[in-house]
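Visitor: I am attaching a structure below and will ask some questions about it afterwards.
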Amino acid sequence: MFPDQFLFGVEVLLNGLMAGVLYALVALGFVLIFKASGIFNYAQGVMALFAALTLVGIMDGQVPFSHLINAIFGTDVHHFGWHVPAFASILLAMAVMVGLAWMVQHFIFRHLVGQEPIILFMATIGLAYFMEGFGDMMWGSDIKKLDVGIPQGGSFWIEEATAFLGGSNFYGFFIDQLDIVAAVVAIILVVLLVAFAQYTKQGRAMRAVADDHQAALSVGISLSFIWVLVWSLAGFVALVAGIMWGAKSGVQFSLSLIALKALPVLMLGGFTSIPGAIVGGLIVGVGEKLFEFLIGAPFLGGATENWFAYMLALVFLVFRPQGLFGEKIIERV
Amino acid sequence: MFDQAESFVTADGRTIGAVMMEMKNITLRFGGVVAIKDISFDVREGEIRAIIGPNGAGKSSMLNVISGFYHPQEGEVWYKGARRPEMKPFEVARQGIARTFQNIALFEGMSVLDNVMTGRLNHMKSGILSQAIWYGKAEREETENREVVERVIDFLEIQHIRKTPVSRLPYGLKKRVELARALAADPKILLLDEPMAGMNVEEKEDMSRFILDVNDEFGTTIVLIEHDMGVVMDLSDRVVVMDYGKKIGDGPPDEVRNNQAVIDAYLGVAHD
């Protein structure tokens with residue numbers, strides 16, 4: 001028998017891990033693009049939102065740009081009247097993200113090759129607001145329910161299996177099944193991404209581009225192809241993150257704000273490390289939940305989850321600016 | 001000098017093939033600075049062609065024109081009997097022209113083996129989807145290309161560092177790994193930008209031997225840049241001499257060595 005307070009702490013920790021996985025998913029998208037092209041993609045969160053909006057739109061058979069069409073032609077169309085199965089919708093949404101990747105490379109970053117990082121960063125801010133507005137115009141701004149068939153609610157199995165740990169007031173750990181699915185999906189995704197980067201031709205080309213542009217060109221790698229590929233992968237990660245967050249709290253425009261939580265995650269994990277994004281996400285997820293439970297709620301009046309991650313990142317920046325796994329910054333003289 | 005005959009035999013008994021690449025009246029400017037001024041020369045199949053000249057003569061610019069990193073304002077590049085349109089460096093590489101860099105451009109974070117494997121990228125034809133799921137053709141291709149790469153690694157005697165990250169290697173070995181990567185592409189023409197710069201005598205001898213062996217064993221056409229006259233004269237079949245962006249000599253080493261303009265350029269004579 002463990003004291004209830006301790007068991008509750010463990011539950012908080014587990015839930016923190018699950019929340020951390022979702023932070024890690026968003027951070028992963030940042031790392032992919034930053035590694036390959038040196039672009040810090042502020043629009044990653046909006047990409048997740050856009051992906052989720054598109055997915056819901058396709059599933060529900062929504063007519064894209066219906067407001068615009070109705071305003072111009074005086075019609076009243078909203079839905080095609082069909083429903084697309086979840087799996088087919090996910091494939092179609094992915095195709096849209098690949099198209100988006102191509103457009104981003106073709107219309108924006110192709111023209112900015114060799115520019116200062118700050119200029120590339122500003123371009124992604126512009127992209128973020130453009131996509132937010134475009135997504136709004138295309139699919140409408142109401143909060144949408146996303147149901148792709150992921151089970152939700154507490155897992156009774158886990159509750160029953162762990163109930164014996166505590167006294168009569170303890171009913172077992174409450175863990176949302178959606179969080180478990182998200183964790184499993186994130187782990188699979190990371191394993192696949194690492195395997196792709198490590199053992200395939202395109203993966204090797206991707207790492208080559210991340211390492212040295214000039215050398216990559218000299219062995220016949222097309223930079224713009226690799227950049228489209230990387231943006232597509234980031235779009236894929238964004239779609240997965242969008243599905244998980246969307247299923248959890250509905251597809252709404254505040255989804256794009258999760259991107260900001262990915263910033264402290266990146267400070268911890270390092271901007272160039274895929275495992276770093278995962279570990280950083282878990283640390284932030286667990287850290288903010290435990291801090292709230294142990295210190296925030298009893299002593300500081302609660303709501304510390306809003307700022308804890310940023311404080312942690314600040315402390316990290318002072319002592320280890322390259323993050324946990326980032327490449328060490330050495331200036332040779 | 002030479003006529004356009006299909007092939008001929010050099011003074012030291014080596015057979016040189018037909019013209020493979022031709023630079024016609026190349027002029028390259030950076031703003032007001034003329035880096036290359038109206039230069040023409042050809043490269044024949046199977047030869048070792050050197051471009052020499054003092055520092056700042058425009059040798060590297062010339063190599064960058066050949067490999068597509070620079071685009072000349074005037075002149076034409078002919079390759080395999082056809083005029084080559086303006087191409088990006090990766091397109092040139094895909095035509096079978098591999099190169100190394102004066103300042104070494106390796107993938108520092110990757111192992112020697114991975115670096116050399118990137119040289120095979122253009123020989124791997126399987127699509128992105130079969131690559132992603134690592135199915136059938138993709139797996140077979142990886143094995144085949146791995147064999148080629150292992151042969152190159154053996155040939156250049158770098159087996160012992162196969163798994164070492166490149167960033168940990170000393171300078172001389174990095175140069176050799178870069179040569180291995182270029183060679184792994186099985187190039188028609190191999191461009192070497194100062195392959196011996198910054199090396200000690202022993203390393204230079206090693207590198208010279210490898211260059212000759214590559215040419216002998218695989219019949220690879222080699223265009224190399226050096227400013228060390230001694231090394232070049234021993235290695236090459238024909239030499240182009242550049243000074244201040246202009247061609248001042250072209251021919252077999254012995255002929256070039258006795259050319260008055262070349263002697264002046266190297267010993268330093270006041271330019272008008």
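Letters A, B, ... mark the chains of the structure tokens in the order given; residue numbers begin at 1 per chain; ligand numbers begin at 1, in order shown.
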Could you list, as a list of chain:residue names, the residues of chain A having an atom within 7 Å of chain B when counting only C-alpha atoms?
Guide: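 Matching residues, ligands excluded from the count: A:Phe196, A:Thr200, A:Lys201, A:Arg204, A:Ala205, A:Ala208, A:Asp211, A:Asp212, A:Gln214, A:Ala215, A:Leu217, A:Ser218, A:Val219, A:Gly220, A:Ile221, A:Ser222.
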Visitor: Next, dump the selected residues to file, keeping only N, CA and C atoms, as a PDB file, in the first residue's frame.
Guide:
ATOM      1  N   PHE A 196      14.367   6.243 -41.554  1.00  0.00           N
ATOM      2  CA  PHE A 196      14.354   6.851 -42.886  1.00  0.00           C
ATOM      3  C   PHE A 196      15.620   7.679 -43.109  1.00  0.00           C
ATOM      4  N   THR A 200      18.023   5.156 -45.751  1.00  0.00           N
ATOM      5  CA  THR A 200      17.540   5.248 -47.119  1.00  0.00           C
ATOM      6  C   THR A 200      18.322   6.290 -47.901  1.00  0.00           C
ATOM      7  N   LYS A 201      18.177   6.184 -49.217  1.00  0.00           N
ATOM      8  CA  LYS A 201      18.868   7.111 -50.113  1.00  0.00           C
ATOM      9  C   LYS A 201      18.447   8.557 -49.833  1.00  0.00           C
ATOM     10  N   ARG A 204      19.705   9.768 -46.517  1.00  0.00           N
ATOM     11  CA  ARG A 204      21.128  10.109 -46.554  1.00  0.00           C
ATOM     12  C   ARG A 204      21.311  11.462 -47.236  1.00  0.00           C
ATOM     13  N   ALA A 205      20.565  11.675 -48.313  1.00  0.00           N
ATOM     14  CA  ALA A 205      20.646  12.956 -49.012  1.00  0.00           C
ATOM     15  C   ALA A 205      20.192  14.095 -48.085  1.00  0.00           C
ATOM     16  N   ALA A 208      22.862  14.820 -45.732  1.00  0.00           N
ATOM     17  CA  ALA A 208      23.950  15.474 -46.458  1.00  0.00           C
ATOM     18  C   ALA A 208      23.657  16.964 -46.621  1.00  0.00           C
ATOM     19  N   ASP A 211      24.121  18.890 -43.561  1.00  0.00           N
ATOM     20  CA  ASP A 211      25.516  19.022 -43.157  1.00  0.00           C
ATOM     21  C   ASP A 211      26.260  20.070 -43.980  1.00  0.00           C
ATOM     22  N   ASP A 212      26.161  20.009 -45.291  1.00  0.00           N
ATOM     23  CA  ASP A 212      26.954  20.910 -46.139  1.00  0.00           C
ATOM     24  C   ASP A 212      26.285  21.057 -47.518  1.00  0.00           C
ATOM     25  N   GLN A 214      27.141  22.846 -50.216  1.00  0.00           N
ATOM     26  CA  GLN A 214      28.035  22.802 -51.361  1.00  0.00           C
ATOM     27  C   GLN A 214      28.412  21.358 -51.705  1.00  0.00           C
ATOM     28  N   ALA A 215      28.785  20.613 -50.665  1.00  0.00           N
ATOM     29  CA  ALA A 215      29.169  19.223 -50.882  1.00  0.00           C
ATOM     30  C   ALA A 215      27.985  18.423 -51.409  1.00  0.00           C
ATOM     31  N   LEU A 217      25.538  19.485 -53.275  1.00  0.00           N
ATOM     32  CA  LEU A 217      25.391  19.789 -54.698  1.00  0.00           C
ATOM     33  C   LEU A 217      26.396  19.008 -55.528  1.00  0.00           C
ATOM     34  N   SER A 218      27.621  18.891 -55.009  1.00  0.00           N
ATOM     35  CA  SER A 218      28.685  18.281 -55.804  1.00  0.00           C
ATOM     36  C   SER A 218      28.484  16.777 -55.982  1.00  0.00           C
ATOM     37  N   VAL A 219      27.678  16.138 -55.117  1.00  0.00           N
ATOM     38  CA  VAL A 219      27.399  14.727 -55.362  1.00  0.00           C
ATOM     39  C   VAL A 219      26.054  14.538 -56.060  1.00  0.00           C
ATOM     40  N   GLY A 220      25.479  15.639 -56.553  1.00  0.00           N
ATOM     41  CA  GLY A 220      24.295  15.519 -57.404  1.00  0.00           C
ATOM     42  C   GLY A 220      22.969  15.540 -56.666  1.00  0.00           C
ATOM     43  N   ILE A 221      22.949  16.151 -55.471  1.00  0.00           N
ATOM     44  CA  ILE A 221      21.681  16.239 -54.748  1.00  0.00           C
ATOM     45  C   ILE A 221      21.003  17.568 -55.100  1.00  0.00           C
ATOM     46  N   SER A 222      19.727  17.503 -55.472  1.00  0.00           N
ATOM     47  CA  SER A 222      18.983  18.728 -55.737  1.00  0.00           C
ATOM     48  C   SER A 222      18.484  19.294 -54.418  1.00  0.00           C
TER      49      SER A 222
END
Visitor: Report the residues of region 3-206 of chain B whose backbone DSSP state falls under strand (DSSP E or B), written as a ChimeraX atom specification.
Guide: /B:8-9,15-16,19-30,33-44,48-52,74-79,82-83,97-99,111,165,189-193
Visitor: Nearest residue to Glu226 (chain B) out of B:Pro170, B:Pro187, B:Pro253, B:Gly53, using only C-alpha atoms?
Guide: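 Using only C-alpha atoms, the shortest distance to Glu226 (chain B) belongs to B:Gly53.
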Visitor: Between CA of Asp4 (chain A) and CA of Phe173 (chain A), what is the spacing in Å?
Guide: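 Separation of CA of Phe173 (chain A) and CA of Asp4 (chain A): 11.1 Å.
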Visitor: By how many Å are CA of Ser60 (chain B) and CA of Arg83 (chain B) apart?
Guide: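 Straight-line distance from CA of Ser60 (chain B) to CA of Arg83 (chain B) works out to 21.9 Å.
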Visitor: Set the distance at 7 Å and use only C-alpha atoms: which residues neighbour Gly16 (chain A) once local chain neighbours fewer than 4 positions away are removed? I'd like the list as a PyMOL selection string.
Guide: chain A and resi 12+20+285-286+289
